[in-house]
Amino acid sequence: MPLTDDELAAAVAVLAAGGLVAFPTETVYGLGADATNTAAVREVFAAKGRPLDHPLIVHLGDASGLDAIVREPSAAARTLAARHWPGPLTLILERRPDAVVDAVTGGRSTVGVRVPAHPVATGLLSAFGRPVAAPSANPFGRVSPTSAAEVREELGGACDLVLDGGPSAVGIESTIVDCTGPEPEILRVGGVTEAELATSLGTTVARRERPTGAPGTLDAHYAPRVPLQVCDAADLPAVMAAAGSDVGLIGPAELVDGRDGVLGAAESDEHYARELYRWLRAGEARGVDRIVAILPDDAGLGAAVRDRLVRASRGAAEADG
Ligand code: TXA
Ligand code: MG
């Protein structure tokens, strides 16, 4: 569902005036502001309640704008951009000092850049013509939104405009690859799989182990409103026996079908990623005592699902974003 010319003009006017526009992407909805306007970028942090040292991703309508934002991307970065943009991949690169305001990157010398693959995002970004800083459109510590209704519910009051592009097709945030070092490194597993990165580069890409509690270096961390317990498939019987009665269950369809309290039955890793956040929200809305989620294997899109579930299950104690 593309935007009408009037909707597009209204959204561009809001961004140009320093306002906030929530917009759909293929991963999750973003909360966008003009990345060249310090006051507008500060509004994004304020709206989310996000600490100022957690940098925002800069979104572009197409890859041709990259060289205006960053300095000397490596050959690997250029390859990844060529193969995966538009798409669910964020590249961390050395920034040009004046391309975006310091508030976007929390003063860092690097910047995260992404070209999303969603017609509404592309239309908005291309028409606006400037880089748009956008974190996921959720309050700090909440699950990322994959529909316009979820954005309106939790952040509606802070947005000047919420663009509706339907449910997010990928459902989980972009893969972040740091291309500032000698070898690219994965900072966050996400919508582009490790196998896809390896195919593009002709070599595997390592995941960087992220220290816990280091501010600004970690992902936004979702702390569920009801306890979330994760387990591998083999442990499900023991976990369910100990979990009590009012459990909401999420997992691969072949393991959860026919059980009580099923919130989500994933037919594939892609389906699991697409619906994961909706299912977690459904568990909260239903007010279950506990959500139990069966972890997919640490491969393909399952790796990103697993990563988000494990982090969420660690709860507020480790919340960092
Ligand atoms: O799929 C996505 O990436 C979504 C959509 C809206 O594009 N955006 C998103 O943004 O997930 P956010 O702000 O929720 O997560 C951005 C992540 C954070 O973990 C942040 O620390 C990291 O990107 N990041 C941004 N700039 C960085 C930089 N210069 N160096 C290291 N990490 C960076
Ligand atoms: Mg986020």
# chains A, B, ... in the order shown; residues from 1 in each chain; ligands from 1
>>> residues_around(residues="range 69-74 of chain A", least_positions_apart="3", cutoff="6 Å", atoms="only C-alpha atoms", output="list of chain:residue names")
A:Leu66, A:Ala77, A:Glu94, A:Arg95, A:Arg96, A:Ala99
>>> residues_near_ligand(ligand="ligand 2", cutoff="10 Å", atoms="only C-alpha atoms and all ligand atoms", output="MDAnalysis selection string")
chainID A and resid 28:31 48 50 54 56:57 134:145 172:174 218:222 321
>>> closest_residue(among="A:Ala103, A:Ala148, A:Ile92, A:Val170", to="ligand 1", atoms="only C-alpha atoms and all ligand atoms")
A:Ile92
>>> residues_around(residues="Ala121 in chain A", least_positions_apart="6", cutoff="10 Å", atoms="only C-alpha atoms", output="list of chain:residue names")
A:Pro2, A:Leu3, A:Ala22, A:Phe23, A:Pro24, A:Thr25, A:Glu26, A:Tyr29, A:Gly30, A:His59, A:Leu60, A:Gly61, A:Val115, A:Ala127, A:Leu163, A:Gly165
>>> write_last_selection(atoms="N, CA, C and O atoms", output="PDB file, in the first residue's frame")
ATOM      1  N   PRO A   2       1.162   1.785  -1.195  1.00  0.00           N
ATOM      2  CA  PRO A   2       2.007   2.983  -1.261  1.00  0.00           C
ATOM      3  C   PRO A   2       1.267   4.194  -0.697  1.00  0.00           C
ATOM      4  O   PRO A   2       0.044   4.191  -0.575  1.00  0.00           O
ATOM      5  N   LEU A   3       2.040   5.222  -0.351  1.00  0.00           N
ATOM      6  CA  LEU A   3       1.432   6.449   0.165  1.00  0.00           C
ATOM      7  C   LEU A   3       0.802   7.236  -0.975  1.00  0.00           C
ATOM      8  O   LEU A   3       1.279   7.201  -2.109  1.00  0.00           O
ATOM      9  N   ALA A  22       6.739   8.216  12.370  1.00  0.00           N
ATOM     10  CA  ALA A  22       6.922   6.762  12.460  1.00  0.00           C
ATOM     11  C   ALA A  22       6.595   6.169  11.103  1.00  0.00           C
ATOM     12  O   ALA A  22       5.597   6.543  10.483  1.00  0.00           O
ATOM     13  N   PHE A  23       7.461   5.268  10.642  1.00  0.00           N
ATOM     14  CA  PHE A  23       7.270   4.715   9.301  1.00  0.00           C
ATOM     15  C   PHE A  23       7.589   3.222   9.285  1.00  0.00           C
ATOM     16  O   PHE A  23       8.387   2.733  10.084  1.00  0.00           O
ATOM     17  N   PRO A  24       6.929   2.517   8.358  1.00  0.00           N
ATOM     18  CA  PRO A  24       7.161   1.072   8.273  1.00  0.00           C
ATOM     19  C   PRO A  24       8.483   0.766   7.581  1.00  0.00           C
ATOM     20  O   PRO A  24       8.900   1.490   6.675  1.00  0.00           O
ATOM     21  N   THR A  25       9.143  -0.287   8.009  1.00  0.00           N
ATOM     22  CA  THR A  25      10.228  -0.876   7.224  1.00  0.00           C
ATOM     23  C   THR A  25       9.946  -2.384   7.169  1.00  0.00           C
ATOM     24  O   THR A  25       9.016  -2.871   7.818  1.00  0.00           O
ATOM     25  N   GLU A  26      10.755  -3.099   6.418  1.00  0.00           N
ATOM     26  CA  GLU A  26      10.546  -4.543   6.320  1.00  0.00           C
ATOM     27  C   GLU A  26      10.911  -5.260   7.617  1.00  0.00           C
ATOM     28  O   GLU A  26      10.463  -6.375   7.848  1.00  0.00           O
ATOM     29  N   TYR A  29       8.900  -1.182  12.662  1.00  0.00           N
ATOM     30  CA  TYR A  29       8.614   0.237  12.416  1.00  0.00           C
ATOM     31  C   TYR A  29       9.710   1.104  13.052  1.00  0.00           C
ATOM     32  O   TYR A  29      10.226   0.780  14.125  1.00  0.00           O
ATOM     33  N   GLY A  30      10.054   2.197  12.363  1.00  0.00           N
ATOM     34  CA  GLY A  30      11.051   3.127  12.863  1.00  0.00           C
ATOM     35  C   GLY A  30      10.418   4.448  13.269  1.00  0.00           C
ATOM     36  O   GLY A  30       9.336   4.809  12.792  1.00  0.00           O
ATOM     37  N   HIS A  59      18.920   6.160   8.031  1.00  0.00           N
ATOM     38  CA  HIS A  59      18.232   5.490   6.923  1.00  0.00           C
ATOM     39  C   HIS A  59      18.307   6.335   5.654  1.00  0.00           C
ATOM     40  O   HIS A  59      18.090   7.555   5.704  1.00  0.00           O
ATOM     41  N   LEU A  60      18.580   5.655   4.552  1.00  0.00           N
ATOM     42  CA  LEU A  60      18.672   6.316   3.246  1.00  0.00           C
ATOM     43  C   LEU A  60      17.688   5.664   2.271  1.00  0.00           C
ATOM     44  O   LEU A  60      17.391   4.472   2.401  1.00  0.00           O
ATOM     45  N   GLY A  61      17.236   6.464   1.290  1.00  0.00           N
ATOM     46  CA  GLY A  61      16.311   5.944   0.278  1.00  0.00           C
ATOM     47  C   GLY A  61      16.981   4.984  -0.689  1.00  0.00           C
ATOM     48  O   GLY A  61      16.372   4.041  -1.184  1.00  0.00           O
ATOM     49  N   VAL A 115      19.593   0.986   4.206  1.00  0.00           N
ATOM     50  CA  VAL A 115      18.610   1.304   3.163  1.00  0.00           C
ATOM     51  C   VAL A 115      17.482   0.289   3.290  1.00  0.00           C
ATOM     52  O   VAL A 115      17.643  -0.878   2.903  1.00  0.00           O
ATOM     53  N   ALA A 127      11.801  11.063  -1.118  1.00  0.00           N
ATOM     54  CA  ALA A 127      11.161  12.378  -1.256  1.00  0.00           C
ATOM     55  C   ALA A 127      11.792  13.394  -0.308  1.00  0.00           C
ATOM     56  O   ALA A 127      11.968  14.562  -0.658  1.00  0.00           O
ATOM     57  N   LEU A 163       2.868   6.524   9.751  1.00  0.00           N
ATOM     58  CA  LEU A 163       2.535   5.993   8.433  1.00  0.00           C
ATOM     59  C   LEU A 163       2.271   4.497   8.556  1.00  0.00           C
ATOM     60  O   LEU A 163       3.033   3.780   9.212  1.00  0.00           O
ATOM     61  N   GLY A 165       2.144   0.981   6.871  1.00  0.00           N
ATOM     62  CA  GLY A 165       2.582   0.195   5.706  1.00  0.00           C
ATOM     63  C   GLY A 165       2.275  -1.270   5.878  1.00  0.00           C
ATOM     64  O   GLY A 165       2.917  -2.121   5.266  1.00  0.00           O
TER      65      GLY A 165
END
>>> closest_residue(among="A:Gly156, A:Gly112, A:Pro86, A:Gly107", to="ligand 1", atoms="only C-alpha atoms and all ligand atoms")
A:Gly112
>>> closest_atom_pairs(of="range 22-83 of chain A", to="range 200-206 of chain A", cutoff="8 Å", atoms="only C-alpha atoms", output="CSV")
residue,atom,partner,partner_atom,distance
A:Ala76,CA,A:Leu201,CA,6.7
A:Thr79,CA,A:Leu201,CA,7.1
A:Leu80,CA,A:Ser200,CA,6.6
A:Arg83,CA,A:Ser200,CA,6.7
>>> write_last_selection(atoms="C-alpha atoms", output="PDB file, in the first residue's frame")
ATOM      1  CA  ALA A  76      33.612  -5.672   2.098  1.00  0.00           C
ATOM      2  CA  THR A  79      29.996  -5.607  -1.397  1.00  0.00           C
ATOM      3  CA  LEU A  80      27.502  -6.001   1.437  1.00  0.00           C
ATOM      4  CA  ARG A  83      24.205  -7.326  -2.305  1.00  0.00           C
TER       5      ARG A  83
END
>>> atom_distance(atom1="CA of Glu270 in chain A", atom2="CA of Ala169 in chain A")
9.2 Å
>>> select_by_dssp(residues="range 78-257 of chain A", states="helix (DSSP H, G or I)", output="ChimeraX atom specification")
/A:78-84,102-105,119-128,148-158,194-201,233-242,253-256
>>> residues_around(residues="range 39-45 of chain A", least_positions_apart="5", cutoff="8 Å", atoms="only C-alpha atoms", output="number ranges by chain")
A: 18-20, 31-34, 50-52, 103-104, 133-134
>>> closest_residue(among="A:Ala304, A:Ala10, A:Ala149, A:Leu280", to="ligand 1", atoms="only C-alpha atoms and all ligand atoms")
A:Ala304
>>> atom_distance(atom1="CA of Arg306 in chain A", atom2="CA of Val230 in chain A")
9.0 Å
>>> closest_residue(among="A:Ala198, A:Ala9, A:Val162, A:Arg311", to="Ile186 in chain A", atoms="only C-alpha atoms")
A:Ala198
>>> closest_residue(among="A:Ile294, A:Ala75, A:Leu301, A:Val12", to="Pro182 in chain A", atoms="only C-alpha atoms")
A:Ala75
>>> closest_residue(among="A:Asn37, A:Gly123, A:Arg281, A:Thr199", to="Glu7 in chain A", atoms="only C-alpha atoms")
A:Gly123
>>> select_by_dssp(residues="range 25-263 of chain A", states="strand (DSSP E or B)", output="VMD selection string")
chain A and resid 30 to 34 57 to 59 70 89 to 95 110 to 114 132 to 133 136 161 to 162 175 to 178 185 to 188 206 to 207 228 to 231 247 to 252 262 to 263
>>> write_last_selection(atoms="N, CA and C atoms", output="short mmCIF file (atom, residue, chain, number, x, y, z; two decimals), in the first residue's frame")
data_model
loop_
_atom_site.label_atom_id
_atom_site.label_comp_id
_atom_site.auth_asym_id
_atom_site.auth_seq_id
_atom_site.Cartn_x
_atom_site.Cartn_y
_atom_site.Cartn_z
N GLY A 30 10.05 2.20 12.36
CA GLY A 30 11.05 3.13 12.86
C GLY A 30 10.42 4.45 13.27
N LEU A 31 11.10 5.14 14.18
CA LEU A 31 10.66 6.48 14.61
C LEU A 31 11.66 7.47 14.01
N GLY A 32 11.25 8.16 12.94
CA GLY A 32 12.20 8.91 12.13
C GLY A 32 12.24 10.40 12.42
N ALA A 33 13.46 10.93 12.31
CA ALA A 33 13.68 12.38 12.41
C ALA A 33 14.79 12.75 11.43
N ASP A 34 14.80 14.01 11.03
CA ASP A 34 15.86 14.55 10.16
C ASP A 34 17.20 14.41 10.87
N ILE A 57 20.36 4.52 14.02
CA ILE A 57 20.69 4.12 12.66
C ILE A 57 20.19 5.20 11.70
N VAL A 58 21.02 5.52 10.72
CA VAL A 58 20.65 6.49 9.69
C VAL A 58 20.09 5.74 8.48
N HIS A 59 18.92 6.16 8.03
CA HIS A 59 18.23 5.49 6.92
C HIS A 59 18.31 6.34 5.65
N VAL A 70 29.48 8.57 4.95
CA VAL A 70 30.60 7.85 5.54
C VAL A 70 31.88 8.09 4.74
N LEU A 89 19.89 -4.95 6.58
CA LEU A 89 21.30 -4.93 6.95
C LEU A 89 21.72 -3.51 7.29
N THR A 90 22.36 -3.34 8.46
CA THR A 90 22.93 -2.05 8.86
C THR A 90 24.44 -2.18 8.87
N LEU A 91 25.12 -1.23 8.23
CA LEU A 91 26.58 -1.22 8.20
C LEU A 91 27.09 -0.12 9.10
N ILE A 92 28.06 -0.45 9.97
CA ILE A 92 28.72 0.55 10.80
C ILE A 92 30.00 0.97 10.08
N LEU A 93 30.11 2.26 9.84
CA LEU A 93 31.24 2.81 9.07
C LEU A 93 31.72 4.10 9.73
N GLU A 94 32.92 4.54 9.34
CA GLU A 94 33.42 5.83 9.84
C GLU A 94 32.57 6.94 9.24
N ARG A 95 32.14 7.86 10.06
CA ARG A 95 31.25 8.89 9.55
C ARG A 95 32.02 10.12 9.07
N THR A 110 31.78 6.78 14.38
CA THR A 110 31.18 5.84 13.43
C THR A 110 29.67 6.08 13.35
N VAL A 111 29.08 5.57 12.28
CA VAL A 111 27.64 5.72 12.11
C VAL A 111 27.07 4.44 11.49
N GLY A 112 25.87 4.06 11.93
CA GLY A 112 25.16 2.93 11.34
C GLY A 112 24.26 3.42 10.22
N VAL A 113 24.35 2.76 9.05
CA VAL A 113 23.57 3.19 7.88
C VAL A 113 22.80 2.00 7.32
N ARG A 114 21.56 2.29 6.89
CA ARG A 114 20.76 1.20 6.31
C ARG A 114 19.83 1.78 5.25
N VAL A 132 17.64 10.07 7.42
CA VAL A 132 16.66 10.02 8.51
C VAL A 132 17.16 9.09 9.61
N ALA A 133 17.33 9.65 10.79
CA ALA A 133 17.74 8.85 11.95
C ALA A 133 16.51 8.18 12.52
N SER A 136 14.03 1.76 16.38
CA SER A 136 12.74 1.09 16.40
C SER A 136 11.76 1.96 17.18
N LEU A 161 3.26 12.00 13.15
CA LEU A 161 2.57 11.25 12.09
C LEU A 161 3.01 9.79 12.19
N VAL A 162 2.05 8.88 12.03
CA VAL A 162 2.37 7.45 11.94
C VAL A 162 1.92 6.96 10.57
N THR A 175 20.25 -6.96 10.69
CA THR A 175 21.58 -7.45 11.08
C THR A 175 22.53 -6.26 11.05
N ILE A 176 23.35 -6.11 12.11
CA ILE A 176 24.31 -5.01 12.14
C ILE A 176 25.72 -5.57 11.95
N VAL A 177 26.43 -5.07 10.95
CA VAL A 177 27.80 -5.51 10.69
C VAL A 177 28.73 -4.31 10.82
N ASP A 178 29.70 -4.44 11.70
CA ASP A 178 30.71 -3.39 11.88
C ASP A 178 31.79 -3.57 10.82
N GLU A 185 32.53 -7.59 11.30
CA GLU A 185 32.06 -8.35 12.46
C GLU A 185 30.58 -8.10 12.66
N ILE A 186 29.87 -9.16 13.03
CA ILE A 186 28.44 -9.03 13.29
C ILE A 186 28.24 -8.51 14.72
N LEU A 187 27.55 -7.38 14.84
CA LEU A 187 27.24 -6.84 16.17
C LEU A 187 25.86 -7.29 16.64
N ARG A 188 24.97 -7.51 15.67
CA ARG A 188 23.61 -7.97 16.02
C ARG A 188 23.13 -8.88 14.92
N ALA A 206 32.52 -13.21 11.64
CA ALA A 206 32.44 -13.55 13.07
C ALA A 206 31.41 -12.67 13.77
N ARG A 207 30.83 -13.24 14.83
CA ARG A 207 29.98 -12.43 15.71
C ARG A 207 30.85 -11.86 16.82
N LEU A 228 9.39 -14.43 31.08
CA LEU A 228 9.61 -15.20 29.86
C LEU A 228 10.68 -16.24 30.14
N GLN A 229 10.35 -17.48 29.90
CA GLN A 229 11.31 -18.57 30.08
C GLN A 229 11.59 -19.19 28.72
N VAL A 230 12.87 -19.36 28.41
CA VAL A 230 13.20 -19.98 27.13
C VAL A 230 13.78 -21.37 27.39
N CYS A 231 13.59 -22.26 26.43
CA CYS A 231 14.17 -23.59 26.60
C CYS A 231 14.41 -24.21 25.23
N VAL A 247 0.16 -20.74 31.36
CA VAL A 247 1.36 -20.53 30.55
C VAL A 247 0.96 -20.19 29.12
N GLY A 248 1.64 -19.23 28.53
CA GLY A 248 1.51 -18.97 27.10
C GLY A 248 2.71 -19.56 26.39
N LEU A 249 2.46 -20.37 25.39
CA LEU A 249 3.54 -21.14 24.77
C LEU A 249 3.81 -20.65 23.35
N ILE A 250 5.12 -20.49 23.05
CA ILE A 250 5.56 -20.08 21.72
C ILE A 250 6.62 -21.07 21.26
N GLY A 251 6.53 -21.51 20.01
CA GLY A 251 7.57 -22.41 19.52
C GLY A 251 7.24 -22.96 18.15
N PRO A 252 8.11 -23.82 17.63
CA PRO A 252 7.84 -24.45 16.35
C PRO A 252 6.52 -25.22 16.39
N VAL A 262 -1.36 -22.01 23.61
CA VAL A 262 -0.41 -21.66 22.55
C VAL A 262 -0.64 -20.21 22.09
N LEU A 263 0.41 -19.41 22.19
CA LEU A 263 0.39 -18.03 21.70
C LEU A 263 0.86 -17.96 20.26
#
